[in-house]
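Printed here is final34.txt (compact mmCIF, C-alpha atoms):
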# COMPACT_ATOMS: atom_id res chain seq x y z
CA MET K 1 -38.18 -16.77 62.71
CA THR K 2 -34.73 -17.65 64.09
CA ALA K 3 -32.01 -20.11 63.07
CA ARG K 4 -29.92 -22.11 65.52
CA PHE K 5 -26.15 -22.41 64.94
CA ALA K 6 -23.62 -24.31 66.95
CA GLY K 7 -21.12 -22.11 68.73
CA PRO K 8 -17.55 -22.93 69.58
CA ALA K 9 -18.67 -25.03 72.60
CA ASP K 10 -21.45 -26.67 70.60
CA VAL K 11 -23.93 -24.49 72.47
CA PRO K 12 -26.95 -23.63 70.28
CA VAL K 13 -27.08 -19.93 69.42
CA ASP K 14 -30.27 -18.22 68.29
CA VAL K 15 -29.72 -16.04 65.20
CA GLY K 16 -32.27 -13.72 63.61
CA ARG K 17 -33.48 -14.13 60.02
CA ASP K 18 -31.56 -11.14 58.66
CA GLU K 19 -28.35 -12.23 60.35
CA ALA K 20 -28.81 -15.75 59.01
CA GLN K 21 -29.19 -14.44 55.46
CA ARG K 22 -26.02 -12.38 55.80
CA MET K 23 -24.09 -15.32 57.10
CA ALA K 24 -25.36 -17.54 54.29
CA ALA K 25 -24.40 -14.93 51.69
CA ARG K 26 -20.87 -14.71 53.11
CA GLU K 27 -20.57 -18.46 53.05
CA LEU K 28 -21.75 -18.72 49.42
CA ALA K 29 -19.34 -16.00 48.39
CA ASP K 30 -16.46 -18.31 49.21
CA PRO K 31 -14.49 -18.99 45.92
CA ARG K 32 -14.63 -22.70 46.64
CA TYR K 33 -18.29 -22.72 45.69
CA HIS K 34 -17.63 -21.06 42.27
CA ALA K 35 -14.62 -22.97 41.03
CA ASP K 36 -16.70 -24.72 38.36
CA ASP K 37 -18.77 -21.68 37.28
CA PRO K 38 -18.56 -20.75 33.56
CA SER K 39 -16.30 -17.82 32.66
CA LEU K 40 -17.60 -14.41 31.62
CA LEU K 41 -16.81 -15.21 27.97
CA GLN K 42 -18.66 -18.52 28.21
CA ARG K 43 -21.69 -16.82 29.76
CA GLY K 44 -21.65 -14.18 27.03
CA ALA K 45 -21.44 -16.79 24.26
CA GLN K 46 -24.26 -18.75 25.87
CA TRP K 47 -26.40 -15.60 26.00
CA VAL K 48 -25.77 -14.87 22.31
CA LEU K 49 -26.58 -18.43 21.25
CA GLU K 50 -29.78 -18.48 23.28
CA HIS K 51 -30.98 -15.19 21.80
CA LEU K 52 -29.95 -16.23 18.28
CA ALA K 53 -31.85 -19.50 18.63
CA ASP K 54 -34.87 -17.60 19.91
CA LEU K 55 -34.65 -15.13 17.02
CA LEU K 56 -34.43 -17.92 14.45
CA HIS K 57 -37.32 -19.74 16.09
CA ARG K 58 -39.54 -16.69 15.94
CA ALA K 59 -38.41 -15.81 12.39
CA GLY K 60 -39.08 -19.37 11.26
CA GLY K 61 -42.57 -19.17 12.64
CA VAL K 62 -43.30 -15.86 10.93
CA ALA K 63 -41.60 -16.45 7.55
CA PRO K 64 -43.79 -18.03 4.85
CA GLY K 65 -42.87 -21.67 4.54
CA GLY K 66 -41.28 -21.88 7.97
CA TYR K 67 -37.55 -22.56 8.15
CA ALA K 68 -37.36 -23.43 4.46
CA GLY K 69 -38.84 -20.05 3.60
CA LEU K 70 -36.43 -18.35 6.00
CA LEU K 71 -33.48 -20.08 4.35
CA LEU K 72 -34.71 -18.98 0.92
CA LEU K 73 -35.05 -15.40 2.21
CA VAL K 74 -31.47 -15.46 3.49
CA VAL K 75 -30.24 -16.71 0.10
CA ILE K 76 -32.17 -13.95 -1.71
CA VAL K 77 -30.76 -11.24 0.57
CA ALA K 78 -27.21 -12.58 0.11
CA ALA K 79 -27.67 -12.61 -3.67
CA ALA K 80 -28.96 -9.04 -3.56
CA VAL K 81 -25.91 -7.91 -1.57
CA VAL K 82 -23.57 -9.58 -4.08
CA ALA K 83 -25.45 -7.99 -7.00
CA VAL K 84 -25.18 -4.53 -5.43
CA ARG K 85 -21.45 -4.92 -4.87
CA LEU K 86 -20.91 -6.06 -8.45
CA THR K 87 -22.98 -3.16 -9.77
CA VAL K 88 -21.04 -0.64 -7.70
CA GLY K 89 -17.81 -2.14 -8.99
CA ARG K 90 -18.98 -1.86 -12.60
CA VAL K 91 -20.04 1.74 -12.03
CA GLY K 92 -16.62 2.54 -10.59
CA ARG K 93 -14.86 0.93 -13.53
CA LEU K 94 -17.19 2.73 -15.95
CA GLY K 95 -16.35 6.03 -14.26
CA ALA K 96 -12.66 5.34 -14.72
CA ALA K 97 -13.23 4.44 -18.38
CA VAL K 98 -15.25 7.62 -18.98
CA SER K 99 -12.44 9.72 -17.47
CA ARG K 100 -10.09 8.12 -20.01
CA MET K 101 -12.35 9.24 -22.86
CA ASP K 102 -11.28 12.84 -22.31
CA PRO K 103 -9.37 14.44 -25.20
CA PRO K 104 -5.66 13.54 -25.12
CA PHE K 105 -4.57 17.16 -25.31
CA GLU K 106 -5.31 19.93 -22.82
CA GLN K 107 -7.19 23.10 -23.64
CA THR K 108 -4.44 25.12 -21.97
CA PRO K 109 -1.29 23.18 -22.79
CA ARG K 110 1.86 23.26 -20.74
CA SER K 111 5.32 23.31 -22.24
CA ALA K 112 6.91 20.20 -23.75
CA ALA K 113 9.52 20.26 -20.98
CA GLN K 114 6.77 20.22 -18.33
CA TYR K 115 5.07 17.27 -20.03
CA ARG K 116 8.36 15.38 -20.14
CA GLN K 117 8.94 16.09 -16.47
CA ALA K 118 5.44 14.86 -15.64
CA ALA K 119 6.00 11.72 -17.72
CA ASP K 120 9.27 11.00 -15.92
CA SER K 121 7.59 11.48 -12.56
CA CYS K 122 4.77 9.07 -13.48
CA ALA K 123 7.25 6.52 -14.78
CA ALA K 124 9.31 6.74 -11.59
CA ARG K 125 6.32 5.62 -9.53
CA GLY K 126 5.16 3.00 -12.03
CA ALA K 127 2.10 4.91 -13.27
CA TRP K 128 2.70 3.79 -16.85
CA ALA K 129 -0.66 4.83 -18.31
CA LEU K 130 -0.15 8.40 -17.12
CA ALA K 131 3.45 8.29 -18.33
CA VAL K 132 2.27 7.26 -21.81
CA ARG K 133 -0.23 10.12 -21.93
CA GLU K 134 2.20 12.76 -20.72
CA ARG K 135 4.89 11.46 -23.10
CA LEU K 136 2.55 11.74 -26.08
CA ARG K 137 1.61 15.25 -25.02
CA ALA K 138 5.30 16.14 -24.83
CA ILE K 139 5.88 14.89 -28.38
CA MET K 140 3.03 16.89 -29.88
CA ARG K 141 3.62 19.98 -27.78
CA ASP K 142 7.25 20.08 -28.86
CA LEU K 143 6.14 20.10 -32.50
CA GLU K 144 3.67 22.90 -31.74
CA GLN K 145 6.37 24.97 -30.05
CA ARG K 146 8.56 24.47 -33.15
CA ASP K 147 5.64 25.66 -35.33
CA LEU K 148 5.56 22.32 -37.11
CA LEU K 149 2.07 21.52 -35.87
CA ALA K 150 -0.93 23.78 -35.36
CA VAL K 151 -2.41 24.00 -31.87
CA GLN K 152 -5.71 22.09 -31.89
CA PRO K 153 -6.60 20.80 -28.38
CA GLY K 154 -9.66 18.87 -29.51
CA ARG K 155 -8.01 16.59 -32.05
CA THR K 156 -7.30 12.93 -31.46
CA ALA K 157 -3.87 11.40 -31.00
CA HIS K 158 -4.13 9.71 -34.41
CA GLU K 159 -5.05 13.00 -36.10
CA ALA K 160 -2.13 14.78 -34.48
CA ALA K 161 0.26 12.00 -35.47
CA ALA K 162 -0.99 11.98 -39.07
CA GLN K 163 -0.61 15.77 -39.37
CA ALA K 164 2.86 15.69 -37.83
CA GLY K 165 3.88 12.84 -40.12
CA VAL K 166 3.27 15.05 -43.16
CA VAL K 167 5.79 17.58 -41.85
CA LEU K 168 8.24 14.96 -40.59
CA PRO K 169 7.86 12.09 -43.05
CA GLY K 170 10.88 10.30 -41.62
CA CYS K 171 9.03 10.04 -38.28
CA ALA K 172 5.56 9.37 -39.68
CA ALA K 173 5.54 5.66 -38.81
CA ASP K 174 6.92 6.30 -35.32
CA LEU K 175 4.35 9.01 -34.64
CA LEU K 176 1.48 6.75 -35.70
CA ASP K 177 2.89 3.98 -33.51
CA ALA K 178 2.97 6.35 -30.53
CA ALA K 179 -0.65 7.33 -31.17
CA ARG K 180 -1.62 3.66 -31.44
CA ILE K 181 -0.03 2.87 -28.08
CA PHE K 182 -1.87 5.79 -26.49
CA ASP K 183 -5.22 4.69 -27.97
CA GLU K 184 -4.72 1.09 -26.84
CA VAL K 185 -3.99 2.17 -23.28
CA TRP K 186 -6.47 4.99 -22.81
CA TYR K 187 -9.34 3.86 -25.00
CA GLY K 188 -8.74 0.15 -25.46
CA GLY K 189 -8.14 -0.59 -21.79
CA HIS K 190 -4.83 -2.36 -22.37
CA PRO K 191 -2.46 -2.26 -19.39
CA ALA K 192 0.39 0.15 -19.90
CA THR K 193 3.96 -1.06 -19.46
CA ALA K 194 7.44 0.32 -19.04
CA GLU K 195 8.19 -0.82 -22.60
CA MET K 196 5.37 1.35 -23.93
CA ASP K 197 6.74 4.36 -22.09
CA GLY K 198 10.20 3.54 -23.43
CA ARG K 199 8.83 3.37 -26.97
CA LEU K 200 7.21 6.81 -26.67
CA ARG K 201 10.40 8.16 -25.13
CA ALA K 202 12.31 6.99 -28.22
CA VAL K 203 9.74 8.61 -30.52
CA ASP K 204 10.07 11.84 -28.58
CA GLU K 205 13.85 11.85 -28.99
CA ALA K 206 13.58 11.01 -32.70
CA THR K 207 11.13 13.80 -33.47
CA ARG K 208 13.20 16.32 -31.52
CA ARG K 209 16.18 15.55 -33.75
CA ALA K 210 14.16 15.46 -36.97
CA ARG K 211 13.94 18.39 -39.35
CA PRO K 212 10.96 19.16 -41.57
CA ALA K 213 11.02 18.07 -45.15
CA VAL K 214 11.97 20.74 -47.67
CA PRO K 215 9.11 21.30 -50.12
CA ALA K 216 9.99 20.33 -53.69
CA ARG K 217 10.36 23.28 -56.12
Show this structure as structure tokens.
Amino acid sequence: MTARFAGPADVPVDVGRDEAQRMAARELADPRYHADDPSLLQRGAQWVLEHLADLLHRAGGVAPGGYAGLLLLVVIVAAAVVAVRLTVGRVGRLGAAVSRMDPPFEQTPRSAAQYRQAADSCAARGAWALAVRERLRAIMRDLEQRDLLAVQPGRTAHEAAAQAGVVLPGCAADLLDAARIFDEVWYGGHPATAEMDGRLRAVDEATRRARPAVPAR
């Protein structure tokens, strides 16, 4: 099979089938013929929409209850995802709460100066809960180093404050207040503040200046 094309002098020229196909392909490759073609992004979006529509059509036919059943299934899955996220969040918060249930005093205590330094460092970066804990530890460790309080790592903050208040009756109320602040923050979940750290700092200074009561004779 041959195709006839007009030459420059309008003289018919016989062209073979393969040559005709090549000539047609070159002609169609001209940008003028593709000015209105969709862009690559448009073709990609069209492909996604077509496949999504096909997927939904097939899912609607398979799901019990048709499209209504499919919609219900989507709602159930979404609710399950939300429930899992909430549960994970609660578990994370519970883990943080459990870590705060540790005893307030360390089994191998550091020095009072080290606790004060740690408290100052925490306060400088706004970690007020940690500052409160380290400040309380500094108060009690200072009394232990002065032999005014026995070393008992497992006791509570309230117990330590009550025992120290017997030796330093002038600071008894302040010591109990410091223990209360610690308990509210670490066990009660109250947000710690700079004022709380300042209060414990004042108690620390007061107890450092205080002298034990002289036993009556």
- Task: Tell me, as a PyMOL selection string, which residues lie within 9 Å of range 142-159 of chain K, counting all atoms listed in the file; anything in the same chain fewer than 3 positions away does not count.
- Result: chain K and resi 103-109+111-113+136-139+162-164+167-168+175-176+178-180+182-183+204+207-208+212
Output file for the residues above (C-alpha atoms, as a PDB file, keeping the file's coordinate frame):
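The resulting file, result.pdb, is shown below:
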ATOM      1  CA  PRO K 103      -9.370  14.440 -25.200  1.00  0.00           C
ATOM      2  CA  PRO K 104      -5.660  13.540 -25.120  1.00  0.00           C
ATOM      3  CA  PHE K 105      -4.570  17.160 -25.310  1.00  0.00           C
ATOM      4  CA  GLU K 106      -5.310  19.930 -22.820  1.00  0.00           C
ATOM      5  CA  GLN K 107      -7.190  23.100 -23.640  1.00  0.00           C
ATOM      6  CA  THR K 108      -4.440  25.120 -21.970  1.00  0.00           C
ATOM      7  CA  PRO K 109      -1.290  23.180 -22.790  1.00  0.00           C
ATOM      8  CA  SER K 111       5.320  23.310 -22.240  1.00  0.00           C
ATOM      9  CA  ALA K 112       6.910  20.200 -23.750  1.00  0.00           C
ATOM     10  CA  ALA K 113       9.520  20.260 -20.980  1.00  0.00           C
ATOM     11  CA  LEU K 136       2.550  11.740 -26.080  1.00  0.00           C
ATOM     12  CA  ARG K 137       1.610  15.250 -25.020  1.00  0.00           C
ATOM     13  CA  ALA K 138       5.300  16.140 -24.830  1.00  0.00           C
ATOM     14  CA  ILE K 139       5.880  14.890 -28.380  1.00  0.00           C
ATOM     15  CA  ALA K 162      -0.990  11.980 -39.070  1.00  0.00           C
ATOM     16  CA  GLN K 163      -0.610  15.770 -39.370  1.00  0.00           C
ATOM     17  CA  ALA K 164       2.860  15.690 -37.830  1.00  0.00           C
ATOM     18  CA  VAL K 167       5.790  17.580 -41.850  1.00  0.00           C
ATOM     19  CA  LEU K 168       8.240  14.960 -40.590  1.00  0.00           C
ATOM     20  CA  LEU K 175       4.350   9.010 -34.640  1.00  0.00           C
ATOM     21  CA  LEU K 176       1.480   6.750 -35.700  1.00  0.00           C
ATOM     22  CA  ALA K 178       2.970   6.350 -30.530  1.00  0.00           C
ATOM     23  CA  ALA K 179      -0.650   7.330 -31.170  1.00  0.00           C
ATOM     24  CA  ARG K 180      -1.620   3.660 -31.440  1.00  0.00           C
ATOM     25  CA  PHE K 182      -1.870   5.790 -26.490  1.00  0.00           C
ATOM     26  CA  ASP K 183      -5.220   4.690 -27.970  1.00  0.00           C
ATOM     27  CA  ASP K 204      10.070  11.840 -28.580  1.00  0.00           C
ATOM     28  CA  THR K 207      11.130  13.800 -33.470  1.00  0.00           C
ATOM     29  CA  ARG K 208      13.200  16.320 -31.520  1.00  0.00           C
ATOM     30  CA  PRO K 212      10.960  19.160 -41.570  1.00  0.00           C
TER      31      PRO K 212
END
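Closest to Arg209 in chain K among K:Ala127, K:Ala119, K:Val132, K:Cys171 is K:Cys171, based on all atoms listed in the file.
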- If you measure from CA of Asp174 in chain K to CA of Asp120 in chain K, what distance in Å do you get, rounded to one decimal?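 Atom-to-atom, CA of Asp174 in chain K and CA of Asp120 in chain K are spaced 20.1 Å apart.
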- Could you tell me how far CA of Ala172 in chain K lies from CA of Arg199 in chain K, in Å and to one decimal? 14.4 Å
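Here CA of Ala161 in chain K stands at a distance of 20.7 Å from CA of Ala118 in chain K.
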